[in-house]
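A.B. asks: Input file: coords-v6.cif. Contents: mmCIF, C-alpha atoms.
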```cif
data_upload
#
loop_
_atom_site.label_atom_id
_atom_site.label_comp_id
_atom_site.auth_asym_id
_atom_site.auth_seq_id
_atom_site.Cartn_x
_atom_site.Cartn_y
_atom_site.Cartn_z
CA MET A 1 -0.63 -11.54 -15.42
CA SER A 2 -2.38 -8.30 -16.34
CA GLU A 3 -0.42 -5.08 -15.89
CA TYR A 4 -3.44 -3.18 -14.55
CA ARG A 5 -5.68 -4.77 -11.94
CA HIS A 6 -9.04 -4.15 -10.31
CA GLU A 7 -8.80 -3.21 -6.64
CA TYR A 8 -11.96 -3.15 -4.53
CA LYS A 9 -11.83 -1.85 -0.95
CA TYR A 10 -14.29 -2.21 1.92
CA ILE A 11 -14.42 -0.97 5.51
CA CYS A 12 -15.14 -3.96 7.76
CA SER A 13 -15.56 -4.82 11.41
CA GLU A 14 -13.67 -7.71 13.00
CA GLN A 15 -16.91 -9.68 12.99
CA GLN A 16 -17.35 -9.18 9.24
CA LEU A 17 -13.74 -10.18 8.57
CA ALA A 18 -14.23 -13.33 10.65
CA LEU A 19 -17.34 -14.20 8.64
CA ILE A 20 -15.57 -13.58 5.33
CA GLY A 21 -12.62 -15.64 6.55
CA ASN A 22 -14.99 -18.55 7.18
CA ASN A 23 -16.59 -18.06 3.77
CA ILE A 24 -13.33 -18.21 1.82
CA ASP A 25 -11.77 -20.98 3.91
CA GLY A 26 -11.27 -23.87 1.51
CA LEU A 27 -11.89 -21.66 -1.53
CA MET A 28 -8.66 -19.67 -1.29
CA GLN A 29 -5.20 -20.47 0.04
CA PRO A 30 -3.24 -18.43 2.56
CA ASP A 31 -0.41 -16.56 0.89
CA LYS A 32 2.80 -18.62 1.08
CA TYR A 33 4.55 -15.71 2.82
CA ALA A 34 1.88 -15.36 5.49
CA GLY A 35 3.42 -17.72 8.05
CA ASN A 36 0.80 -20.46 8.45
CA GLY A 37 -2.04 -18.04 7.86
CA LYS A 38 -1.00 -15.70 10.67
CA GLY A 39 -0.11 -12.89 8.30
CA TYR A 40 2.66 -10.33 8.52
CA VAL A 41 3.27 -6.66 9.27
CA VAL A 42 3.41 -4.32 6.27
CA ARG A 43 5.32 -1.07 6.71
CA SER A 44 5.53 1.55 3.96
CA LEU A 45 7.31 4.89 3.74
CA TYR A 46 5.47 7.23 1.37
CA PHE A 47 7.02 10.09 -0.57
CA ASP A 48 5.51 13.28 -1.95
CA ASP A 49 6.71 16.47 -3.60
CA PHE A 50 7.13 19.94 -2.11
CA GLN A 51 3.52 20.81 -3.05
CA ASP A 52 2.08 17.53 -1.76
CA GLY A 53 0.95 16.81 -5.31
CA CYS A 54 0.34 13.09 -4.72
CA LEU A 55 -1.80 13.83 -1.68
CA TYR A 56 -3.96 16.38 -3.49
CA ASP A 57 -4.21 14.13 -6.56
CA ASN A 58 -5.76 11.60 -4.22
CA ILE A 59 -8.08 14.11 -2.54
CA ASN A 60 -9.26 15.49 -5.89
CA GLY A 61 -9.58 12.07 -7.53
CA ASN A 62 -7.24 13.03 -10.38
CA ASP A 63 -6.80 10.41 -13.08
CA PRO A 64 -4.19 9.12 -13.63
CA ARG A 65 -2.19 9.55 -10.44
CA GLU A 66 0.97 7.99 -9.06
CA LYS A 67 2.89 7.79 -5.80
CA PHE A 68 6.14 6.25 -4.61
CA ARG A 69 6.71 4.22 -1.48
CA VAL A 70 9.37 2.01 0.07
CA ARG A 71 8.04 -1.18 1.65
CA ILE A 72 9.30 -3.78 4.12
CA TYR A 73 7.67 -6.74 5.86
CA ASN A 74 7.99 -7.65 9.55
CA ALA A 75 10.68 -4.93 9.89
CA ASP A 76 13.02 -7.13 7.82
CA LYS A 77 15.81 -4.94 6.41
CA SER A 78 17.12 -7.71 4.13
CA TYR A 79 14.24 -7.34 1.67
CA ILE A 80 13.33 -3.75 0.77
CA ARG A 81 11.33 -2.67 -2.27
CA LEU A 82 10.82 0.66 -3.96
CA GLU A 83 7.31 0.70 -5.44
CA LEU A 84 5.42 2.99 -7.79
CA LYS A 85 1.65 2.68 -7.63
CA ARG A 86 -0.41 4.13 -10.48
CA LYS A 87 -4.19 4.57 -10.52
CA GLU A 88 -5.84 4.96 -13.92
CA LYS A 89 -9.46 4.54 -15.06
CA GLY A 90 -10.42 2.72 -11.90
CA LYS A 91 -7.58 0.17 -12.10
CA THR A 92 -4.18 0.03 -10.47
CA ARG A 93 -0.68 -0.92 -11.55
CA LYS A 94 2.22 -1.54 -9.22
CA ARG A 95 5.85 -1.69 -10.33
CA SER A 96 8.77 -2.35 -8.01
CA CYS A 97 12.49 -2.96 -7.69
CA ARG A 98 14.78 -4.12 -4.91
CA ILE A 99 16.98 -1.63 -3.07
CA ASP A 100 19.52 -2.21 -0.31
CA GLU A 101 19.52 -0.83 3.22
CA THR A 102 22.14 1.83 2.50
CA LEU A 103 20.13 3.29 -0.36
CA CYS A 104 16.93 3.09 1.69
CA ARG A 105 18.52 5.12 4.47
CA GLU A 106 19.54 7.79 1.97
CA MET A 107 15.92 7.95 0.78
CA MET A 108 14.69 8.19 4.37
CA GLN A 109 16.90 11.23 4.90
CA GLY A 110 15.86 12.84 1.62
CA ARG A 111 19.38 12.84 0.23
CA PRO A 112 19.98 13.27 -3.53
CA LEU A 113 20.54 9.87 -5.13
CA LYS A 114 22.82 8.67 -7.89
CA MET A 115 20.82 7.85 -11.02
CA ASP A 116 22.90 4.74 -11.77
CA ALA A 117 22.74 3.22 -8.29
CA VAL A 118 20.01 0.77 -9.39
CA ASP A 119 19.41 -0.49 -12.92
CA ALA A 120 15.63 -0.14 -12.97
CA ASP A 121 13.26 2.28 -14.71
CA ILE A 122 11.22 2.83 -11.56
CA TYR A 123 14.33 3.86 -9.62
CA ARG A 124 15.40 6.27 -12.35
CA LYS A 125 11.92 7.79 -12.31
CA PHE A 126 12.17 8.23 -8.54
CA CYS A 127 15.48 10.08 -9.03
CA LEU A 128 13.87 12.25 -11.69
CA TRP A 129 10.99 13.16 -9.38
CA GLN A 130 13.48 13.82 -6.61
CA ASN A 131 15.36 16.30 -8.81
CA GLU A 132 12.40 17.95 -10.54
CA ARG A 133 9.69 17.79 -7.87
CA LEU A 134 11.81 17.78 -4.70
CA LEU A 135 10.43 14.42 -3.57
CA GLN A 136 10.71 13.84 0.18
CA PRO A 137 9.62 11.16 2.68
CA LYS A 138 6.34 12.16 4.31
CA VAL A 139 4.72 9.47 6.45
CA ILE A 140 4.94 5.83 7.54
CA VAL A 141 1.93 3.56 7.10
CA GLU A 142 1.88 0.27 9.02
CA TYR A 143 -0.73 -2.46 9.42
CA ASP A 144 -1.21 -6.19 10.03
CA ARG A 145 -2.12 -8.11 6.86
CA ILE A 146 -3.67 -11.56 6.44
CA PRO A 147 -3.59 -12.45 2.71
CA TYR A 148 -5.39 -15.13 0.68
CA VAL A 149 -4.80 -16.07 -2.96
CA TYR A 150 -6.67 -17.86 -5.75
CA LYS A 151 -4.55 -18.51 -8.82
CA ASP A 152 -7.31 -18.41 -11.48
CA GLY A 153 -7.74 -14.75 -12.34
CA ASN A 154 -4.86 -13.88 -10.04
CA VAL A 155 -7.30 -13.09 -7.22
CA ARG A 156 -5.93 -11.78 -3.94
CA VAL A 157 -7.98 -10.98 -0.82
CA THR A 158 -6.31 -9.23 2.09
CA PHE A 159 -7.46 -8.33 5.59
CA ASP A 160 -5.59 -5.14 6.56
CA MET A 161 -6.00 -4.64 10.29
CA ASN A 162 -4.89 -2.16 12.93
CA ILE A 163 -3.88 0.52 10.42
CA ARG A 164 -1.55 3.01 12.05
CA SER A 165 0.52 6.05 11.15
CA GLY A 166 4.05 7.10 12.06
CA GLY A 167 5.57 10.53 11.64
CA ASN A 168 9.21 9.70 12.39
CA VAL A 169 10.27 8.87 8.82
CA GLU A 170 13.93 8.53 9.80
CA GLY A 171 12.93 5.60 12.04
CA PHE A 172 11.38 3.65 9.17
CA LEU A 173 13.83 0.73 9.52
CA ASP A 174 13.68 0.56 13.32
CA ASN A 175 12.46 -2.70 14.80
CA MET A 176 9.86 -0.85 16.85
CA LEU A 177 7.98 2.28 15.83
CA ILE A 178 5.90 4.82 17.68
CA THR A 179 2.60 4.88 15.79
CA ARG A 180 -0.99 5.93 16.32
CA PRO A 181 -4.21 4.22 15.16
CA VAL A 182 -5.99 6.03 12.33
CA MET A 183 -9.23 4.04 12.16
CA PRO A 184 -12.14 4.01 14.61
CA LEU A 185 -12.22 1.10 17.04
CA ASN A 186 -13.16 -2.21 15.35
CA GLN A 187 -12.72 -0.89 11.80
CA HIS A 188 -10.36 -2.52 9.33
CA VAL A 189 -9.95 -2.72 5.54
CA LEU A 190 -10.76 -5.59 3.20
CA GLU A 191 -9.11 -5.46 -0.25
CA VAL A 192 -10.06 -7.64 -3.22
CA LYS A 193 -7.64 -7.53 -6.18
CA PHE A 194 -7.93 -9.37 -9.49
CA ASP A 195 -7.01 -9.07 -13.17
CA GLU A 196 -10.06 -9.10 -15.48
CA LEU A 197 -12.67 -11.28 -13.79
CA ILE A 198 -13.31 -12.63 -10.32
CA PRO A 199 -15.19 -15.97 -10.06
CA ASP A 200 -18.78 -15.47 -8.92
CA PHE A 201 -18.39 -17.85 -5.99
CA LEU A 202 -15.46 -15.86 -4.66
CA TYR A 203 -17.21 -12.53 -5.09
CA ALA A 204 -20.20 -13.94 -3.22
CA ALA A 205 -17.95 -15.25 -0.46
CA VAL A 206 -16.59 -11.79 0.38
CA GLN A 207 -20.00 -10.13 0.44
CA THR A 208 -21.68 -9.74 3.81
CA GLU A 209 -24.64 -7.72 4.98
CA LYS A 210 -24.10 -3.94 4.73
CA LEU A 211 -20.68 -4.36 3.07
CA ARG A 212 -20.19 -1.52 0.59
CA GLN A 213 -17.32 -0.78 -1.75
CA THR A 214 -15.50 2.44 -0.87
CA THR A 215 -12.61 4.61 -1.96
CA TYR A 216 -9.99 4.40 0.76
CA SER A 217 -6.38 5.54 0.79
CA LYS A 218 -4.10 4.48 3.63
CA TYR A 219 -1.69 7.21 2.54
CA TYR A 220 -4.36 9.92 2.77
CA ILE A 221 -5.72 8.86 6.14
CA CYS A 222 -2.23 8.57 7.66
CA ARG A 223 -1.19 11.96 6.27
CA LYS A 224 -4.36 13.38 7.78
CA TYR A 225 -3.27 12.23 11.22
CA ASN A 226 0.22 13.70 10.76
CA SER A 227 -0.76 16.89 8.96
CA GLU A 228 0.96 20.21 9.59
CA GLY A 229 -0.13 23.13 7.47
CA ILE A 230 -2.01 20.89 5.03
CA LYS A 231 -5.58 21.67 4.06
CA LEU A 232 -7.43 18.36 4.26
#
```
Once you've parsed the file, please lay out its structure as structure tokens.

C.D. replies:
Amino acid sequence: MSEYRHEYKYICSEQQLALIGNNIDGLMQPDKYAGNGKGYVVRSLYFDDFQDGCLYDNINGNDPREKFRVRIYNADKSYIRLELKRKEKGKTRKRSCRIDETLCREMMQGRPLKMDAVDADIYRKFCLWQNERLLQPKVIVEYDRIPYVYKDGNVRVTFDMNIRSGGNVEGFLDNMLITRPVMPLNQHVLEVKFDELIPDFLYAAVQTEKLRQTTYSKYYICRKYNSEGIKL
């Protein structure tokens, strides 16, 4: 598996997603974690420094750029991951490590962490950023995801629907969150991720009329809807 991957994003209507779903049916398999193709809820808590450096790196298109997040699925507190996502030369790399609920709650509250609490480079880098850049939790991003996979080329297609933002970062692990939609009605996000090459028949299957590749950041759009004193 390649360390850096291509990541194409598209803004789609429900009708376009339904058409693409029909096109890839039989060509790709539902992700094994998707629950019989019904998908799951992705919830991420994003962190940024005291100058909102990650946010402005995104706005300005700086290369490379990185940001930390903690992620759970279906509000399940038994499986929590700390992730570092890096964007460089148009490709992305994601590294992650497991953390427990106790450590996650300390992160949610912005408490200083012990460097040796987790034996992982990504965790130690998080602690370093916390000490040097005053890293703090900023916003919750939540959405419904339906994922498909194709093993050759490590291709992954995801339908990310009903994207919403939450400002109560201390409620990240709650079963229910108060959130607000951040996309116009009937707009969702299609993501296509692959290593070096995507088979032509799969690329054709995800193309529909008027579908255009775009730069889209869930973190940016959710920060925009929870901004206070930030120039966006």

A.B. asks: Could you list, as number ranges by chain, every residue matched by the PyMOL selection byres ((chain A and resi 187) around 12) in this structure?

C.D. replies: A: 10-17, 159-164, 181-186, 188-190

A.B. asks: For each of A:Ala120, A:Ile59, A:Leu27, A:Cys222, take the minimum atom-to-atom distance to Ala204 in chain A, counting all atoms listed in the file, then give the residue where this is smallest.

C.D. replies: A:Leu27

A.B. asks: Rank nothing, just name the residue among A:Arg111, A:Arg133, A:Arg156, A:Arg105 nearest to Val169 in chain A, using all atoms listed in the file.

C.D. replies: A:Arg105

A.B. asks: Take the PyMOL selection byres ((chain A and resi 40) around 10), apply it to the structure above, and return the hits as a list in words.

C.D. replies: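 Selection result, ordered by chain and number: Tyr33, Ala34, Gly35, Gly37, Lys38, Gly39, Val41, Val42, Arg43, Tyr73, Asn74, Ala75, Tyr143, Asp144, Arg145, Ile146, Pro147 and Asp160 of chain A.
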
A.B. asks: Using the chain letters and numbers from the file, which residues does the PyMOL selection byres ((chain A and resi 103) around 10) grab, as a PyMOL selection string?

C.D. replies: chain A and resi 80+99-102+104-108+111+113-114+117-118

A.B. asks: Could you check how far CA of Val139 in chain A sits from CA of Lys87 in chain A, in Å to one decimal?

C.D. replies: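 Distance between the two atoms: 19.8 Å.
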
A.B. asks: Looking at A:Tyr216, A:Phe47, A:Tyr79, A:Tyr56, which one is nearest to Lys9 in chain A, with distances taken over only C-alpha atoms?

C.D. replies: A:Tyr216

A.B. asks: Using only the atoms of range 179-193 of chain A listed in the file, plus 5 Å on each side, state the axis-aligned box centre and edge lengths in Å rounded to one decimal, as JSON.

C.D. replies:
```
{"center_x": -5.3, "center_y": -0.8, "center_z": 5.4, "size_x": 25.8, "size_y": 23.7, "size_z": 33.2}
```
